[in-house]
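Okay, structure first, notes after.
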Amino acid sequence: MASLAQQFAGLRCPPISISGLTERGATFSKPKRAANLVVTAKAVAISNAQTKEREKLKQLFEEAYERCRTAPMEGVSFTLEDFHSSLDAYDFNSEIGTRVKGTVFMTDNNGALVDITAKSSAYLPVQEASIHRIKRPEEAGIVPGMREEFVIIGENEADDSLILSLRSIQYELVWERCRQLQAEDVTVKGKVVGGNKGGLVAVVEGLRGFVPFSQISSKSTAEELLDKELPLKFVDVDEEQSRLILSNRKAMADSQAQLGIGSVVTGTVQSLKPYGAFIDIGGINGLLHVSQISHDRVSDIATVLQPGDTLKVMILSHDRERGRVSLSTKKLEPTPGDMIRNPKLVFEKAEEMAQTFRQRIAQAEAMARADMLRFQPESGLTLSSDGILGPLNSDLPAEGLDLSDAPPANESDGISEKESD
């Protein structure tokens, strides 16, 4: 044991040095401090650069402000006078009645804003957007992006903006169309919207026309004709006086001139009665009696015809004084009973069958005329070669028309359905 102790005592260990630990620790901490120093230096550099930039911008703004305050036009080749001259060069005539092109860029319930390349935008009120009565511009097709020609009708004193109209242009076009229709002697449809002691007020092509009672073919009252559509012809088209006079009698006379015995017309079933069907043939109601529907017996008219059906009928008789027209499909049947079994064939063969009927009528009339002339040479009966009777006299009354109650044609707004004296 003693010798073992002596051996341990003789061992010498070198002293532990902490310098190495210190050095190794130093090697770990130095890079962190260096990185922090670099980041801090960069931040300071950026801050200094931003500060200098702000100072530079501030100086530039101060210099610009001073130039605007003391010499605003210095170095500018385009002067204020040049600007006003350019506006005048590109400006247009803004007088009332001038037509301008414009593009709608915004709408509301009251109207639309229109860009007409002027100093300020123009306004189209909803009541000037159409000749028809509308509540919103969209009802007349006025939407953003629409480009159209407008007419200047006024100026808004509040902001010097112009007031536009499409209605005025539309009225000019409508009057021109009415003059053309009158020249061509065309029959048009007019809706009765009112009346007074002198006649009816009917809307035709957007204008209010006056139909004197002397020019109405039926004996119906104004109340009975309200909201009805009548065939009409133009008697007087006067845009300057805003006067549009129409005649129902003239239109009916021309229509009835075609209703010769044996002529074929197209009609629409209006109503069914136990004794027959009433057929509308161009504004005239004719009776297709149950006995004249087919050679075969028809016990129930509804099995053959229905309201709204379109069919061809032949004129059997026409009492112009009483306004009664008798019709027949029976005379158009190629073989008895075709109207019940095959009405399509009846309508296809209608003209052919009617021609045969007219020839028989013409022969009978010729024989009657020969017999009459034999005893009464002065009778002077006339009949066309195809058996069609002559037309009604469509001339206006010799005493003329009383136009004292004719309303202005352009005043389409505010129409009263119960307008009366």
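Residue numbering restarts at 1 in every chain; chains get A, B, ... in the order shown in the structure tokens, and ligands count up from 1 in that same order.
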Inset, instruction - Apply DSSP to the structure's backbone, then extract all residues of segment 219-326 of chain A labelled strand (DSSP E) and return them as a PyMOL selection string. - result: chain A and resi 229-238+243-247+264-273+276-280+285-289+310-319+324-326
Next, dump the selected residues to file, keeping only C-alpha atoms, as a PDB file, in the first residue's frame.
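Result saved to part39.pdb:
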ATOM      1  CA  GLU A 229    -108.635  50.610 -82.710  1.00  0.00           C
ATOM      2  CA  LEU A 230    -110.148  52.080 -85.866  1.00  0.00           C
ATOM      3  CA  PRO A 231    -109.009  51.952 -89.493  1.00  0.00           C
ATOM      4  CA  LEU A 232    -108.245  55.529 -90.507  1.00  0.00           C
ATOM      5  CA  LYS A 233    -107.051  57.575 -93.445  1.00  0.00           C
ATOM      6  CA  PHE A 234    -105.355  60.973 -93.442  1.00  0.00           C
ATOM      7  CA  VAL A 235    -107.425  63.980 -94.458  1.00  0.00           C
ATOM      8  CA  ASP A 236    -105.185  66.865 -93.354  1.00  0.00           C
ATOM      9  CA  VAL A 237    -101.543  66.708 -92.203  1.00  0.00           C
ATOM     10  CA  ASP A 238    -100.390  70.181 -91.130  1.00  0.00           C
ATOM     11  CA  ARG A 243    -103.172  69.599 -86.920  1.00  0.00           C
ATOM     12  CA  LEU A 244    -103.851  66.006 -87.913  1.00  0.00           C
ATOM     13  CA  ILE A 245    -107.343  65.220 -89.257  1.00  0.00           C
ATOM     14  CA  LEU A 246    -108.366  61.614 -89.877  1.00  0.00           C
ATOM     15  CA  SER A 247    -111.323  59.818 -91.431  1.00  0.00           C
ATOM     16  CA  VAL A 264    -112.796  36.125-101.053  1.00  0.00           C
ATOM     17  CA  VAL A 265    -111.380  37.803 -97.959  1.00  0.00           C
ATOM     18  CA  THR A 266    -109.403  36.608 -94.962  1.00  0.00           C
ATOM     19  CA  GLY A 267    -110.976  37.108 -91.553  1.00  0.00           C
ATOM     20  CA  THR A 268    -110.690  36.235 -87.884  1.00  0.00           C
ATOM     21  CA  VAL A 269    -113.423  34.655 -85.784  1.00  0.00           C
ATOM     22  CA  GLN A 270    -114.467  37.211 -83.159  1.00  0.00           C
ATOM     23  CA  SER A 271    -117.309  35.437 -81.373  1.00  0.00           C
ATOM     24  CA  LEU A 272    -119.693  32.504 -81.657  1.00  0.00           C
ATOM     25  CA  LYS A 273    -123.469  32.657 -81.382  1.00  0.00           C
ATOM     26  CA  GLY A 276    -123.544  31.731 -86.484  1.00  0.00           C
ATOM     27  CA  ALA A 277    -120.070  33.258 -86.107  1.00  0.00           C
ATOM     28  CA  PHE A 278    -119.047  36.919 -86.329  1.00  0.00           C
ATOM     29  CA  ILE A 279    -115.935  37.358 -88.486  1.00  0.00           C
ATOM     30  CA  ASP A 280    -113.676  40.436 -88.493  1.00  0.00           C
ATOM     31  CA  ASN A 285    -117.791  42.473 -88.764  1.00  0.00           C
ATOM     32  CA  GLY A 286    -119.520  39.995 -91.049  1.00  0.00           C
ATOM     33  CA  LEU A 287    -121.913  37.171 -90.125  1.00  0.00           C
ATOM     34  CA  LEU A 288    -121.140  33.614 -91.135  1.00  0.00           C
ATOM     35  CA  HIS A 289    -124.562  32.055 -90.578  1.00  0.00           C
ATOM     36  CA  THR A 310    -108.210  32.632 -89.185  1.00  0.00           C
ATOM     37  CA  LEU A 311    -110.149  31.557 -92.239  1.00  0.00           C
ATOM     38  CA  LYS A 312    -111.129  32.512 -95.771  1.00  0.00           C
ATOM     39  CA  VAL A 313    -114.724  33.481 -96.438  1.00  0.00           C
ATOM     40  CA  MET A 314    -116.692  34.607 -99.470  1.00  0.00           C
ATOM     41  CA  ILE A 315    -118.910  37.692 -99.560  1.00  0.00           C
ATOM     42  CA  LEU A 316    -122.533  36.678-100.141  1.00  0.00           C
ATOM     43  CA  SER A 317    -124.152  40.074 -99.671  1.00  0.00           C
ATOM     44  CA  HIS A 318    -123.282  43.533 -98.413  1.00  0.00           C
ATOM     45  CA  ASP A 319    -125.833  46.022 -97.127  1.00  0.00           C
ATOM     46  CA  ARG A 324    -124.200  44.277 -92.708  1.00  0.00           C
ATOM     47  CA  VAL A 325    -122.091  41.709 -94.506  1.00  0.00           C
ATOM     48  CA  SER A 326    -123.127  38.103 -95.049  1.00  0.00           C
TER      49      SER A 326
END
Inset, instruction - Counting only C-alpha atoms, figure out which residue out of A:Pro407, A:Gly102, A:Gly308, A:Gly262 gets nearest to Asp115 of chain A. - result: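 Closest to Asp115 of chain A, using only C-alpha atoms: A:Gly102.
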Legend entry - DSSP-assigned helix (DSSP H, G or I) members of segment 107-155 of chain A, reported as a list in words: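 Taking segment 107-155 of chain A and keeping helix (DSSP H, G or I) gives Val126, Gln127, Glu128, Pro137, Glu138, Glu139 and Ala140 of chain A.
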Inset, instruction - Excluding Val100 of chain A and any residue of its chain fewer than 6 positions from it, enumerate the residues within 10 Å of it, using only C-alpha atoms, and give them as a ChimeraX atom specification. - result: /A:92-94,116-117,148-152,164
Output all heavy atoms of each residue in that selection to a file, as a compact mmCIF listing (two decimals), in the first residue's frame.
# COMPACT_ATOMS: atom_id res chain seq x y z
N PHE A 92 -68.56 74.22 -80.34
CA PHE A 92 -69.59 74.13 -81.36
C PHE A 92 -70.70 75.12 -81.03
O PHE A 92 -70.75 75.69 -79.96
CB PHE A 92 -70.16 72.71 -81.43
CG PHE A 92 -70.72 72.23 -80.12
CD1 PHE A 92 -72.03 72.52 -79.77
CD2 PHE A 92 -69.94 71.51 -79.25
CE1 PHE A 92 -72.53 72.11 -78.56
CE2 PHE A 92 -70.44 71.08 -78.04
CZ PHE A 92 -71.73 71.38 -77.69
N ASN A 93 -71.61 75.26 -81.99
CA ASN A 93 -72.72 76.18 -81.83
C ASN A 93 -73.71 75.62 -80.81
O ASN A 93 -74.29 74.56 -81.01
CB ASN A 93 -73.41 76.39 -83.18
CG ASN A 93 -74.51 77.43 -83.10
OD1 ASN A 93 -74.72 78.06 -82.07
ND2 ASN A 93 -75.20 77.63 -84.21
N SER A 94 -73.89 76.30 -79.71
CA SER A 94 -74.77 75.82 -78.64
C SER A 94 -76.10 76.55 -78.62
O SER A 94 -76.78 76.57 -77.60
CB SER A 94 -74.08 75.96 -77.29
OG SER A 94 -73.77 77.32 -77.02
N ILE A 116 -71.27 65.66 -75.01
CA ILE A 116 -71.35 66.24 -76.35
C ILE A 116 -70.07 66.99 -76.70
O ILE A 116 -70.07 67.90 -77.53
CB ILE A 116 -72.58 67.17 -76.49
CG1 ILE A 116 -72.56 68.26 -75.40
CG2 ILE A 116 -73.87 66.38 -76.42
CD1 ILE A 116 -73.66 69.29 -75.57
N THR A 117 -68.96 66.61 -76.02
CA THR A 117 -67.62 67.21 -76.21
C THR A 117 -67.66 68.72 -76.05
O THR A 117 -66.96 69.45 -76.75
CB THR A 117 -67.05 66.85 -77.60
OG1 THR A 117 -67.88 67.41 -78.62
CG2 THR A 117 -66.96 65.33 -77.78
N GLU A 148 -76.14 59.10 -80.14
CA GLU A 148 -77.32 59.54 -80.90
C GLU A 148 -77.19 61.02 -81.22
O GLU A 148 -76.34 61.73 -80.67
CB GLU A 148 -78.57 59.27 -80.06
CG GLU A 148 -79.89 59.43 -80.79
CD GLU A 148 -79.99 58.56 -82.01
OE1 GLU A 148 -80.32 57.38 -81.91
OE2 GLU A 148 -79.70 59.11 -83.10
N GLU A 149 -78.05 61.46 -82.12
CA GLU A 149 -78.12 62.88 -82.44
C GLU A 149 -79.22 63.52 -81.60
O GLU A 149 -80.34 63.02 -81.55
CB GLU A 149 -78.40 63.09 -83.92
CG GLU A 149 -78.38 64.56 -84.33
CD GLU A 149 -78.62 64.76 -85.82
OE1 GLU A 149 -79.59 64.18 -86.33
OE2 GLU A 149 -77.83 65.48 -86.45
N PHE A 150 -78.90 64.61 -80.94
CA PHE A 150 -79.83 65.32 -80.07
C PHE A 150 -80.02 66.74 -80.60
O PHE A 150 -79.23 67.21 -81.43
CB PHE A 150 -79.31 65.39 -78.63
CG PHE A 150 -79.02 64.05 -78.01
CD1 PHE A 150 -77.79 63.43 -78.20
CD2 PHE A 150 -79.96 63.40 -77.22
CE1 PHE A 150 -77.51 62.20 -77.63
CE2 PHE A 150 -79.70 62.17 -76.65
CZ PHE A 150 -78.47 61.57 -76.86
N VAL A 151 -81.05 67.41 -80.09
CA VAL A 151 -81.25 68.81 -80.42
C VAL A 151 -81.25 69.60 -79.12
O VAL A 151 -81.79 69.16 -78.10
CB VAL A 151 -82.58 69.03 -81.19
CG1 VAL A 151 -83.79 68.61 -80.36
CG2 VAL A 151 -82.72 70.48 -81.63
N ILE A 152 -80.58 70.75 -79.13
CA ILE A 152 -80.50 71.61 -77.95
C ILE A 152 -81.80 72.39 -77.82
O ILE A 152 -82.22 73.07 -78.75
CB ILE A 152 -79.30 72.58 -78.05
CG1 ILE A 152 -77.99 71.78 -78.17
CG2 ILE A 152 -79.25 73.52 -76.86
CD1 ILE A 152 -76.78 72.65 -78.44
N LEU A 164 -81.03 68.81 -73.61
CA LEU A 164 -81.19 68.17 -74.91
C LEU A 164 -82.57 67.54 -75.06
O LEU A 164 -83.30 67.37 -74.08
CB LEU A 164 -80.12 67.09 -75.10
CG LEU A 164 -78.67 67.52 -74.91
CD1 LEU A 164 -77.75 66.33 -75.09
CD2 LEU A 164 -78.31 68.64 -75.88
Inset, instruction - Skip Lys228 of chain A itself and residues of its chain fewer than 3 positions away, then list as JSON, numbers by chain all residues within 6 Å of it, counting only C-alpha atoms. - result: {"A": [191, 192, 225]}
Legend entry - Selected residue of minimal separation from Val298 of chain A among A:Met353, A:Ile281, A:Ala366, A:Met339, counting only C-alpha atoms: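 Nearest to Val298 of chain A: A:Met339.
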Inset, instruction - Could you tell me how far atom CA of Lys197 of chain A lies from atom CA of Glu224 of chain A, in Å and to one decimal? - result: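 Between atom CA of Lys197 of chain A and atom CA of Glu224 of chain A the gap works out to 14.7 Å.
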